[in-house]
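Before any comments, here is the structure.
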Amino acid sequence: MVSLFLAGLAGPLGAWASERSDEGLLALYDFSLAKGGSVKDRSGVGQPLDLRIENLRNVRRAEGSLEVRGQTLIRSDKPATKIIEAVRRTGEFTVEAWLRTDRLNQDGPARIVTISSNSTNRNFTLGQEGNEFDVRFRTSDTSNNGLPSLSSSARSLSLKLTHVVYTRGKGGQARLFINGKPSAKKTVGGKPTNWDKSYRLGLADELSKGRPWLGTYYLVAIYERDFSSSQITQNYKAGLSGESVGVELVGQLSSLKEKFFDEEIVPILSRHCLECHDTATRKGKLDLSKKATAYATGKNEIVIVPGKAAKSLLWKVVESGDMPDERDSLSADEKKLLRKWIDDGAVWTTEEIDPLSHTFDRRANQNWVRRLTVSEYIETIRSVTGVNIAKEARNILPPDIRADGFSNTAYNLSVDLKHIESYAKLADMIVGKMDVLSFTKRFSNKQGFTDDIMRDLVAKMGQVFLRGELVEHEIATFRGITTTIASTGGNFEEAMGLVIEAMLQSPRFLYRVENQRGDGSTWPVTEYEFASRMSYIIWGAPPDKTLLDLADSGELFSADVVDAQIDRMLNDPRAVRRSVEFIDEWLNLGRLANMKPNAERFPKWDPALAKDMRDETLAFFEEVIWKQKQPLAELLNAKITFATPRLAKHYGLSAKGVGGLARYDLKSVPERGGLLTHGSVLTLGGDEASMVTRGLFVMHDLLRSGVNDPPPCVDTTPVPSKPGLTQRAIAEKRIANKACGGCHGKFEPLAFGLEKFDGLGAFHKTDEHGNPLRDDGEVLFPGTAKPVPYKTSAQLMDLLARSDRVRQCLTWKVTQFAVGRPLGQPDALVLDKIYQEAQKGGGTYASLIRAIIQSDLVQKTQTEADNED
């Protein structure tokens with residue numbers, strides 16, 4: 001008798017095996033090797049039947065598991081003789097499995113375990129057909145393909161770790177069990193004496209390829225006997241290895257506590273505590289922004305005693321209402337969360353708390369079906385069809401609305417009736433601009449309404465339009481359009497034009513649709529999803545044929561392939577255009593078109609200067625980042641700029657040429673150099689050149705820090721300067737005010753070095769009232785206790801350009817734009833890895849994009865729990 005067993009075992013069998021029924025072991029694969037291209041048969045029975053991984057690039061190995069992420073075949077190099085001979089002799093067979101599928105739409109059936117030759121000849125196969133298991137077992141009464149098969153009950157397969165058993169006795173009674181419970185049964189008559197002795201054992205695909213399975217294996221074992229119901233129950237209850245269960249449970253518990261800290265506790269500390277108890281302020285000598293200082297002893301008491309809230313000073317002062325001081329107390333729910341955190345061990349995940357974590361919108365971490373932005377839609381149309389629809393699309397489509405600093409924020413990319421009507425109108429326009437017959441010849445030279453021709457053409461076109469393979473019902477839907485046209489006397493060109501229109505309005509075209517079903521944990525994205533993420537991050541455009549072919553072949557997850565593709569894509573002009581979109585979005589340069597400074601105060605203002613300022617910043621970015629290939633931080637102090645004669649005159653520079661942008665070397669112009677001296681940024685301060693607005697920009701967008709909003713009773717109306725009172729003097733009064741200084745002292749001094757620039761970015765040594773202006777000051781970098789002085793604005797720019805904090809903030813900003821969602825404390829560890837990798841590559845835009853693409857933020861996705869049984 002024979003039994004094949006797959007189980008989630010992370011180490012040697014040990015004592016765990018004694019809890020199971022394991023008599024008659026023939027072959028055992030426990031995937032204990034964490035690397036290499038072989039899977040060892042550790043049964044110790046007969047000649048080992050080792051397996052070889054054909055495509056190592058598409059698997060991820062860990063001790064005790066093997067995750068198949070892309071097409072590969074794991075097979076024996078020789079026939080599975082010891083298994084085949086045992087089955088032919090006894091006539092009994094059992095397959096038992098602990099496994100986790102990667103998705104519920106795998107079919108073919110997708111081969112999980114097989115002893116076979118090709119897609120139509122086998123001895124047996126355990127496979128997946130959608131959300132069901134399918135087992136084919138060859139006997140003298142079945143076909144060579146093992147048909148008819150036995151399938152599990154409907155919707156019996158989930159995305160969670162699953163235990164499945166197929167068993168067949170001598171009498172031909174076959175039964176299928178899932179998670180210890182009967183699922184299906186039937187009689188499979190005949191004898192397996194016709195099992196072919198030349199067939200090899202394979203995992204994850206058919207031996208002839210073409211039926212790939214994606215998911216995770218934990219253990220495969222083969223036994224010489226049938227399994228009874230009680231033995232199946234026994235093995236199911238035994239579960240995984242006792243050792244691995246312990247490790248897994250500890251890991252899950254630790255992960256849950258870390259998630260609780262990141263998502264519940266950090267926002268509480270950020271909102272209520274850091275205003276007075278960060279590294280800079282340290283009221284009461286208490287710093288709650290860092291792990292090292294938060295666990296210190298204060299006032300003869302330990303601030304946080306892990307596991308004992310009642311003995312923790314932090315809990316005592318919060319519970320009594322003594323903290324926060326002069327601010328709203330924590331709510332009852334927040335207090336419960338804080339106490340639970342301390343009592344559960346006060347797990348702390350990061351060295352320093354993100355000061356903006358309480359502003360993090362939790363919707364950002366949810367899976368949002370991401371609509372293409374207007375610019376992405378335009379570029380996608382151009383890339384797929386060759387049609388330039390930019391003018392029409394910008395006139396017809398509703399504009400994208402900014403949220404969390406960017407207009408590509410996923411949760412804000414909604415679709416309303418106006419969008420639907422616009423997409424339909426644009427689809428008609430696009431097809432009208434196309435040579436439909438020439439376009440279809442890119443995919444097939446055949447023209448006709450036969451099913452074979454149309455299905456092939458629809459599938460190939462659909463892969464490009466919808467950025468991935470089409471499933472059967474999608475092919476049938478588009479095929480239905482051509483059938484209707486044919487039945488009404490329409491021609492081939494008309495039919496394909498309507499198919500293209502339909503594809504252009506498909507949700508899979510208008511949205512970046514990804515699989516979101518899972519077990520609630522983080523899973524790898526699919527090859528096609530990865531191709532789309534890469535292309536929209538680097539190009540703001542769909543994957544091209546090279547990426548789609550690599551995704552189709554399963555090679556895209558290879559580290560070498562990814563590196564080569566990033567190099568290729570960064571050398572494409574679309575990469576430059578996409579990066580320019582980032583700087584445009586980050587600095588909100590679109591607002592310049594709506595600038596209306598006070599005409600009495602600025603009578604010489606020319607509205608054309610607004611466009612000049614935007615063009616200056618974009619040209620400057622392209623020069624520093626792409627032509628000079630400098631680190632991103634060089635944007636803060638590079639001593640060059642670009643200006644029209646009109647803008648040069650505004651800046652006090654000697655104008656070059658008669659029109660258009662010209663390059664200016666600023667080495668002899670000490671007051672200018674870097675983004676903060678551009679009119680496009682300086683105008684953020686408004687007509688009064690507000691220290692508040694400029695300082696907050698530096699704090700939020702360069703230092704990734706923040707302060708709480710002012711109390712509702714505070715008058716925030718800007719105070720104008722006057723004779724004897726500059727904007728800096730006004731700021732210093734606020735800082736000296738006990739009620740305001742705690743917050744204003746953190747950000748207004750950041751703008752002191754910009755005081756000599758007026759509200760429109762012109763440089764002056766005195767203001768309009770004759771007050772002398774200064775550009776000296778000091779910078780208090782977040783996380784440090786001692787401010788760093790500077791004497792000039794040029795020194796300020798150099799301090800910012802050399803700051804790790806600024807480099808880290810630029811990493812966050814570029815990454816946020818790349819992934820299309822705000823980032824928060826839960827992302828901090830991954831972002832730190834991205835930052836470190838980017839710095840190893842020189843801190844350039846290219847090195848940062850590479851690190852982002854290679855990170856879990858892009859290569860993995862947060863799934864939503866599948867609640868189906």
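Each chain in the structure tokens gets a letter, A, B, ..., in the order shown, and its residues are numbered from 1; ligands are numbered from 1 in order too.
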
Please give the complete set of residues from segment 550-726 of chain A that DSSP, run on the backbone, assigns to alpha helix (DSSP H), formatted as an mmCIF file with C-alpha atoms, in the first residue's frame.
```
data_model
loop_
_atom_site.group_PDB
_atom_site.id
_atom_site.type_symbol
_atom_site.label_atom_id
_atom_site.label_comp_id
_atom_site.auth_asym_id
_atom_site.auth_seq_id
_atom_site.Cartn_x
_atom_site.Cartn_y
_atom_site.Cartn_z
ATOM 1 C CA LEU A 550 8.994 37.921 -18.955
ATOM 2 C CA ALA A 551 5.885 37.785 -16.812
ATOM 3 C CA ASP A 552 4.371 35.158 -19.091
ATOM 4 C CA SER A 553 7.514 33.009 -18.942
ATOM 5 C CA ALA A 559 16.919 39.249 -9.288
ATOM 6 C CA ASP A 560 19.207 39.451 -12.332
ATOM 7 C CA VAL A 561 16.262 39.915 -14.666
ATOM 8 C CA VAL A 562 14.721 42.610 -12.458
ATOM 9 C CA ASP A 563 18.040 44.479 -12.329
ATOM 10 C CA ALA A 564 18.422 44.338 -16.094
ATOM 11 C CA GLN A 565 14.859 45.520 -16.660
ATOM 12 C CA ILE A 566 15.258 48.438 -14.249
ATOM 13 C CA ASP A 567 18.399 49.486 -16.132
ATOM 14 C CA ARG A 568 16.580 49.248 -19.460
ATOM 15 C CA MET A 569 13.526 51.132 -18.232
ATOM 16 C CA LEU A 570 15.503 53.933 -16.600
ATOM 17 C CA PRO A 573 12.673 58.870 -21.909
ATOM 18 C CA ARG A 574 9.443 57.927 -20.146
ATOM 19 C CA ALA A 575 11.432 57.454 -16.926
ATOM 20 C CA VAL A 576 12.517 61.095 -17.075
ATOM 21 C CA ARG A 577 8.970 62.263 -17.699
ATOM 22 C CA ARG A 578 7.667 60.206 -14.780
ATOM 23 C CA SER A 579 10.302 61.596 -12.413
ATOM 24 C CA VAL A 580 9.432 65.128 -13.495
ATOM 25 C CA GLU A 581 5.834 64.323 -12.589
ATOM 26 C CA PHE A 582 7.069 63.500 -9.092
ATOM 27 C CA ILE A 583 8.757 66.857 -8.520
ATOM 28 C CA ASP A 584 5.770 68.656 -10.029
ATOM 29 C CA GLU A 585 3.405 66.819 -7.701
ATOM 30 C CA TRP A 586 5.580 66.995 -4.577
ATOM 31 C CA ALA A 608 4.069 84.820 -17.089
ATOM 32 C CA LEU A 609 6.620 84.626 -14.254
ATOM 33 C CA ALA A 610 4.581 81.858 -12.653
ATOM 34 C CA LYS A 611 5.164 79.593 -15.654
ATOM 35 C CA ASP A 612 8.822 80.605 -15.742
ATOM 36 C CA MET A 613 9.202 79.574 -12.091
ATOM 37 C CA ARG A 614 7.636 76.163 -12.747
ATOM 38 C CA ASP A 615 9.814 75.623 -15.812
ATOM 39 C CA GLU A 616 12.903 76.629 -13.806
ATOM 40 C CA THR A 617 12.286 73.954 -11.180
ATOM 41 C CA LEU A 618 11.529 71.206 -13.690
ATOM 42 C CA ALA A 619 14.598 72.002 -15.817
ATOM 43 C CA PHE A 620 16.760 72.210 -12.686
ATOM 44 C CA PHE A 621 15.506 68.791 -11.527
ATOM 45 C CA GLU A 622 16.186 67.180 -14.890
ATOM 46 C CA PRO A 645 15.305 86.638 -19.250
ATOM 47 C CA ARG A 646 12.128 87.716 -17.469
ATOM 48 C CA LEU A 647 12.765 85.469 -14.472
ATOM 49 C CA ALA A 648 16.486 86.339 -14.397
ATOM 50 C CA LYS A 649 15.603 90.025 -14.112
ATOM 51 C CA HIS A 650 13.139 89.187 -11.315
ATOM 52 C CA TYR A 651 15.933 87.349 -9.478
ATOM 53 C CA GLY A 679 10.435 81.213 -6.749
ATOM 54 C CA SER A 680 8.247 78.125 -7.189
ATOM 55 C CA VAL A 681 8.946 77.144 -3.568
ATOM 56 C CA LEU A 682 9.384 80.564 -1.960
ATOM 57 C CA MET A 691 7.746 82.142 8.325
ATOM 58 C CA VAL A 692 4.986 79.777 9.434
ATOM 59 C CA THR A 693 4.189 78.433 5.970
ATOM 60 C CA ARG A 694 7.789 78.246 4.818
ATOM 61 C CA GLY A 695 8.934 76.681 8.088
ATOM 62 C CA LEU A 696 6.186 74.081 8.014
ATOM 63 C CA PHE A 697 7.137 73.159 4.457
ATOM 64 C CA VAL A 698 10.734 72.496 5.508
ATOM 65 C CA MET A 699 9.548 70.575 8.568
ATOM 66 C CA HIS A 700 6.986 68.425 6.762
ATOM 67 C CA ASP A 701 8.523 67.961 3.321
#
```

So that I can check the surroundings of segment 18-28 of chain A, please list as a CSV table (one decimal) with all heavy atoms, in the first residue's frame every protein, DNA and RNA residue that reaches within 6 Å of it, counting only C-alpha atoms and ignoring chain neighbours fewer than 4 positions away.
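File selection.csv, as written:
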```csv
chain,number,residue,atom,x,y,z
A,41,ASP,N,15.2,13.6,-0.8
A,41,ASP,CA,14.3,12.5,-0.2
A,41,ASP,C,15.0,12.1,1.1
A,41,ASP,O,16.1,11.5,1.1
A,41,ASP,CB,14.2,11.4,-1.2
A,41,ASP,CG,13.5,10.2,-0.6
A,41,ASP,OD1,12.9,10.3,0.5
A,41,ASP,OD2,13.5,9.2,-1.3
A,42,ARG,N,14.4,12.4,2.2
A,42,ARG,CA,15.0,12.1,3.5
A,42,ARG,C,14.3,10.9,4.2
A,42,ARG,O,14.4,10.7,5.4
A,42,ARG,CB,14.8,13.3,4.4
A,42,ARG,CG,15.6,14.5,3.9
A,42,ARG,CD,15.5,15.7,4.9
A,42,ARG,NE,16.0,15.3,6.2
A,42,ARG,CZ,15.6,15.8,7.4
A,42,ARG,NH1,14.6,16.6,7.4
A,42,ARG,NH2,16.2,15.4,8.5
A,43,SER,N,13.7,10.0,3.4
A,43,SER,CA,13.0,8.9,4.0
A,43,SER,C,13.9,7.8,4.5
A,43,SER,O,13.6,7.1,5.5
A,43,SER,CB,12.0,8.2,2.9
A,43,SER,OG,12.8,7.7,1.9
A,45,VAL,N,14.6,5.2,2.9
A,45,VAL,CA,14.1,4.0,2.4
A,45,VAL,C,14.5,3.8,0.9
A,45,VAL,O,14.2,4.6,0.1
A,45,VAL,CB,12.5,3.9,2.5
A,45,VAL,CG1,12.0,2.6,1.9
A,45,VAL,CG2,12.1,4.1,3.9
A,220,VAL,N,6.5,16.7,1.7
A,220,VAL,CA,5.9,15.7,0.9
A,220,VAL,C,6.4,14.4,1.4
A,220,VAL,O,7.6,14.2,1.5
A,220,VAL,CB,6.3,15.9,-0.6
A,220,VAL,CG1,5.7,14.8,-1.4
A,220,VAL,CG2,5.8,17.2,-1.1
A,221,ALA,N,5.5,13.4,1.6
A,221,ALA,CA,5.9,12.1,2.0
A,221,ALA,C,5.1,11.0,1.4
A,221,ALA,O,3.9,11.3,1.0
A,221,ALA,CB,5.8,11.9,3.6
A,222,ILE,N,5.7,9.9,1.1
A,222,ILE,CA,5.0,8.8,0.4
A,222,ILE,C,5.1,7.5,1.3
A,222,ILE,O,6.1,7.1,1.7
A,222,ILE,CB,5.6,8.5,-1.0
A,222,ILE,CG1,5.5,9.8,-1.8
A,222,ILE,CG2,4.9,7.3,-1.6
A,222,ILE,CD1,6.1,9.6,-3.2
A,223,TYR,N,3.9,6.9,1.5
A,223,TYR,CA,3.8,5.7,2.4
A,223,TYR,C,3.2,4.5,1.6
A,223,TYR,O,2.5,4.7,0.6
A,223,TYR,CB,2.9,6.0,3.6
A,223,TYR,CG,3.4,7.0,4.5
A,223,TYR,CD1,3.2,8.4,4.2
A,223,TYR,CD2,4.0,6.7,5.7
A,223,TYR,CE1,3.6,9.4,5.1
A,223,TYR,CE2,4.4,7.7,6.6
A,223,TYR,CZ,4.2,9.0,6.3
A,223,TYR,OH,4.6,10.0,7.2
A,224,GLU,N,3.5,3.3,2.1
A,224,GLU,CA,3.1,2.1,1.5
A,224,GLU,C,1.8,1.6,2.1
A,224,GLU,O,1.7,0.4,2.4
A,224,GLU,CB,4.1,1.0,1.7
A,224,GLU,CG,5.2,0.9,0.6
A,224,GLU,CD,6.0,-0.3,0.7
A,224,GLU,OE1,6.6,-0.6,1.8
A,224,GLU,OE2,6.1,-1.1,-0.3
A,235,ASN,N,-3.7,12.5,11.9
A,235,ASN,CA,-2.7,13.3,11.3
A,235,ASN,C,-3.1,14.8,11.2
A,235,ASN,O,-2.2,15.7,11.3
A,235,ASN,CB,-2.3,12.8,9.9
A,235,ASN,CG,-1.5,11.5,10.0
A,235,ASN,OD1,-1.2,11.0,11.1
A,235,ASN,ND2,-1.2,10.9,8.9
```

Separation of atom CA of His419 of chain A from atom CA of Pro398 of chain A in Å: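 Between these atoms lies a distance of 6.7 Å.
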
Quick one, how far is atom CA of Cys740 of chain A from atom CA of Glu275 of chain A? 11.5 Å

Spatial neighbours of Ser76 of chain A, 9 Å, only C-alpha atoms, chain gap at least 3 places, as a list in words: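 What passes the distance filter is Leu49, Asp50, Leu51, Arg52, Pro79, Ala80, Arg200, Leu201 and Gly202 of chain A.
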
Could you please take those selected residues and save N, CA, C and O atoms as a PDB file, in the first residue's frame?
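Full text of selection-v9.pdb as output:
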```
ATOM      1  N   LEU A  49      14.886   9.293  -3.884  1.00  0.00           N
ATOM      2  CA  LEU A  49      14.274   9.878  -5.072  1.00  0.00           C
ATOM      3  C   LEU A  49      14.330  11.404  -4.924  1.00  0.00           C
ATOM      4  O   LEU A  49      13.345  12.065  -4.615  1.00  0.00           O
ATOM      5  N   ASP A  50      15.533  11.959  -5.108  1.00  0.00           N
ATOM      6  CA  ASP A  50      15.714  13.398  -4.944  1.00  0.00           C
ATOM      7  C   ASP A  50      15.060  14.157  -6.103  1.00  0.00           C
ATOM      8  O   ASP A  50      14.933  13.649  -7.213  1.00  0.00           O
ATOM      9  N   LEU A  51      14.677  15.407  -5.812  1.00  0.00           N
ATOM     10  CA  LEU A  51      14.032  16.254  -6.800  1.00  0.00           C
ATOM     11  C   LEU A  51      14.932  17.432  -7.146  1.00  0.00           C
ATOM     12  O   LEU A  51      15.703  17.904  -6.314  1.00  0.00           O
ATOM     13  N   ARG A  52      14.799  17.923  -8.362  1.00  0.00           N
ATOM     14  CA  ARG A  52      15.592  19.064  -8.817  1.00  0.00           C
ATOM     15  C   ARG A  52      14.669  20.206  -9.216  1.00  0.00           C
ATOM     16  O   ARG A  52      13.678  20.006  -9.922  1.00  0.00           O
ATOM     17  N   PRO A  79      12.811   7.850 -13.072  1.00  0.00           N
ATOM     18  CA  PRO A  79      11.440   7.423 -12.771  1.00  0.00           C
ATOM     19  C   PRO A  79      11.227   7.174 -11.286  1.00  0.00           C
ATOM     20  O   PRO A  79      12.158   6.820 -10.556  1.00  0.00           O
ATOM     21  N   ALA A  80       9.983   7.376 -10.857  1.00  0.00           N
ATOM     22  CA  ALA A  80       9.626   7.161  -9.445  1.00  0.00           C
ATOM     23  C   ALA A  80       9.388   5.679  -9.216  1.00  0.00           C
ATOM     24  O   ALA A  80       8.291   5.237  -8.820  1.00  0.00           O
ATOM     25  N   ARG A 200       8.054  10.042 -14.067  1.00  0.00           N
ATOM     26  CA  ARG A 200       8.800  10.653 -12.956  1.00  0.00           C
ATOM     27  C   ARG A 200       7.852  11.408 -12.027  1.00  0.00           C
ATOM     28  O   ARG A 200       6.723  11.738 -12.395  1.00  0.00           O
ATOM     29  N   LEU A 201       8.342  11.700 -10.843  1.00  0.00           N
ATOM     30  CA  LEU A 201       7.584  12.471  -9.850  1.00  0.00           C
ATOM     31  C   LEU A 201       7.846  13.962 -10.064  1.00  0.00           C
ATOM     32  O   LEU A 201       8.995  14.382 -10.231  1.00  0.00           O
ATOM     33  N   GLY A 202       6.799  14.753 -10.066  1.00  0.00           N
ATOM     34  CA  GLY A 202       6.947  16.189 -10.264  1.00  0.00           C
ATOM     35  C   GLY A 202       6.066  16.988  -9.329  1.00  0.00           C
ATOM     36  O   GLY A 202       4.975  16.535  -8.936  1.00  0.00           O
TER      37      GLY A 202
END
```

Just want the 9 Å neighbourhood of segment 428-435 of chain A, counted on only C-alpha atoms, with same-chain residues fewer than 6 positions away dropped. Output as an mmCIF file with N, CA, C and O atoms, in the first residue's frame.
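Contents of result07.cif, freshly written:
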```cif
data_model
loop_
_atom_site.group_PDB
_atom_site.id
_atom_site.type_symbol
_atom_site.label_atom_id
_atom_site.label_comp_id
_atom_site.auth_asym_id
_atom_site.auth_seq_id
_atom_site.Cartn_x
_atom_site.Cartn_y
_atom_site.Cartn_z
ATOM 1 N N ILE A 381 -2.787 54.919 -23.162
ATOM 2 C CA ILE A 381 -3.387 54.934 -24.494
ATOM 3 C C ILE A 381 -2.300 55.050 -25.556
ATOM 4 O O ILE A 381 -2.296 54.325 -26.564
ATOM 5 N N THR A 385 -1.963 51.892 -28.031
ATOM 6 C CA THR A 385 -2.583 52.093 -29.351
ATOM 7 C C THR A 385 -1.782 52.986 -30.282
ATOM 8 O O THR A 385 -2.046 53.022 -31.488
ATOM 9 N N GLY A 386 -0.852 53.767 -29.738
ATOM 10 C CA GLY A 386 -0.108 54.719 -30.548
ATOM 11 C C GLY A 386 -0.830 56.028 -30.761
ATOM 12 O O GLY A 386 -0.336 56.910 -31.468
ATOM 13 N N VAL A 387 -1.994 56.206 -30.135
ATOM 14 C CA VAL A 387 -2.799 57.412 -30.307
ATOM 15 C C VAL A 387 -2.473 58.425 -29.217
ATOM 16 O O VAL A 387 -2.425 58.087 -28.031
ATOM 17 N N ASN A 388 -2.254 59.668 -29.609
ATOM 18 C CA ASN A 388 -2.045 60.754 -28.647
ATOM 19 C C ASN A 388 -3.402 61.386 -28.350
ATOM 20 O O ASN A 388 -3.957 62.104 -29.175
ATOM 21 N N ILE A 389 -3.901 61.130 -27.170
ATOM 22 C CA ILE A 389 -5.230 61.619 -26.789
ATOM 23 C C ILE A 389 -5.120 62.645 -25.665
ATOM 24 O O ILE A 389 -6.103 62.943 -24.969
ATOM 25 N N GLU A 392 -7.523 65.895 -25.688
ATOM 26 C CA GLU A 392 -8.918 65.538 -25.471
ATOM 27 C C GLU A 392 -9.160 65.027 -24.055
ATOM 28 O O GLU A 392 -10.160 65.373 -23.413
ATOM 29 N N GLY A 497 -13.006 47.051 -34.048
ATOM 30 C CA GLY A 497 -13.085 48.398 -33.494
ATOM 31 C C GLY A 497 -13.929 48.423 -32.247
ATOM 32 O O GLY A 497 -13.588 49.077 -31.246
ATOM 33 N N LEU A 498 -15.047 47.687 -32.256
ATOM 34 C CA LEU A 498 -15.914 47.632 -31.076
ATOM 35 C C LEU A 498 -15.270 46.841 -29.941
ATOM 36 O O LEU A 498 -15.460 47.156 -28.756
ATOM 37 N N ILE A 500 -12.043 46.763 -29.357
ATOM 38 C CA ILE A 500 -11.064 47.695 -28.786
ATOM 39 C C ILE A 500 -11.761 48.718 -27.898
ATOM 40 O O ILE A 500 -11.292 49.031 -26.800
ATOM 41 N N GLU A 501 -12.887 49.248 -28.359
ATOM 42 C CA GLU A 501 -13.649 50.188 -27.528
ATOM 43 C C GLU A 501 -14.023 49.558 -26.190
ATOM 44 O O GLU A 501 -13.938 50.188 -25.134
#
```

Between atom CA of Leu587 of chain A and atom CA of Arg805 of chain A - distance in Å to one decimal: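 Spanning atom CA of Arg805 of chain A to atom CA of Leu587 of chain A is a straight-line distance of 18.5 Å.
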
Near Ile265 of chain A, counting only C-alpha atoms, which residues have an atom at most 8 Å away, once you skip same-chain residues fewer than 5 positions from it, shown as a list in words?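 So the residues in contact are Phe260, Leu337, Leu338 and Trp341 of chain A.
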
Could you pull the residues within 8 Å of Arg175 of chain A, counting only C-alpha atoms, minus those fewer than 3 positions along the same chain, as a PDB file with C-alpha atoms, in the first residue's frame?
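Output file selection33.pdb is given in full below:
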```pdb
ATOM      1  CA  VAL A 165      -6.236  13.801   1.904  1.00  0.00           C
ATOM      2  CA  TYR A 166      -7.067  11.538  -1.041  1.00  0.00           C
ATOM      3  CA  THR A 167      -7.108   7.827  -0.233  1.00  0.00           C
ATOM      4  CA  ARG A 168      -7.952   4.729  -2.321  1.00  0.00           C
ATOM      5  CA  PRO A 182     -15.007  14.142   4.383  1.00  0.00           C
ATOM      6  CA  SER A 183     -15.465  16.172   1.206  1.00  0.00           C
ATOM      7  CA  ALA A 184     -16.186  13.666  -1.592  1.00  0.00           C
ATOM      8  CA  LYS A 185     -16.118   9.962  -2.408  1.00  0.00           C
ATOM      9  CA  LYS A 186     -16.597   7.583  -5.345  1.00  0.00           C
TER      10      LYS A 186
END
```
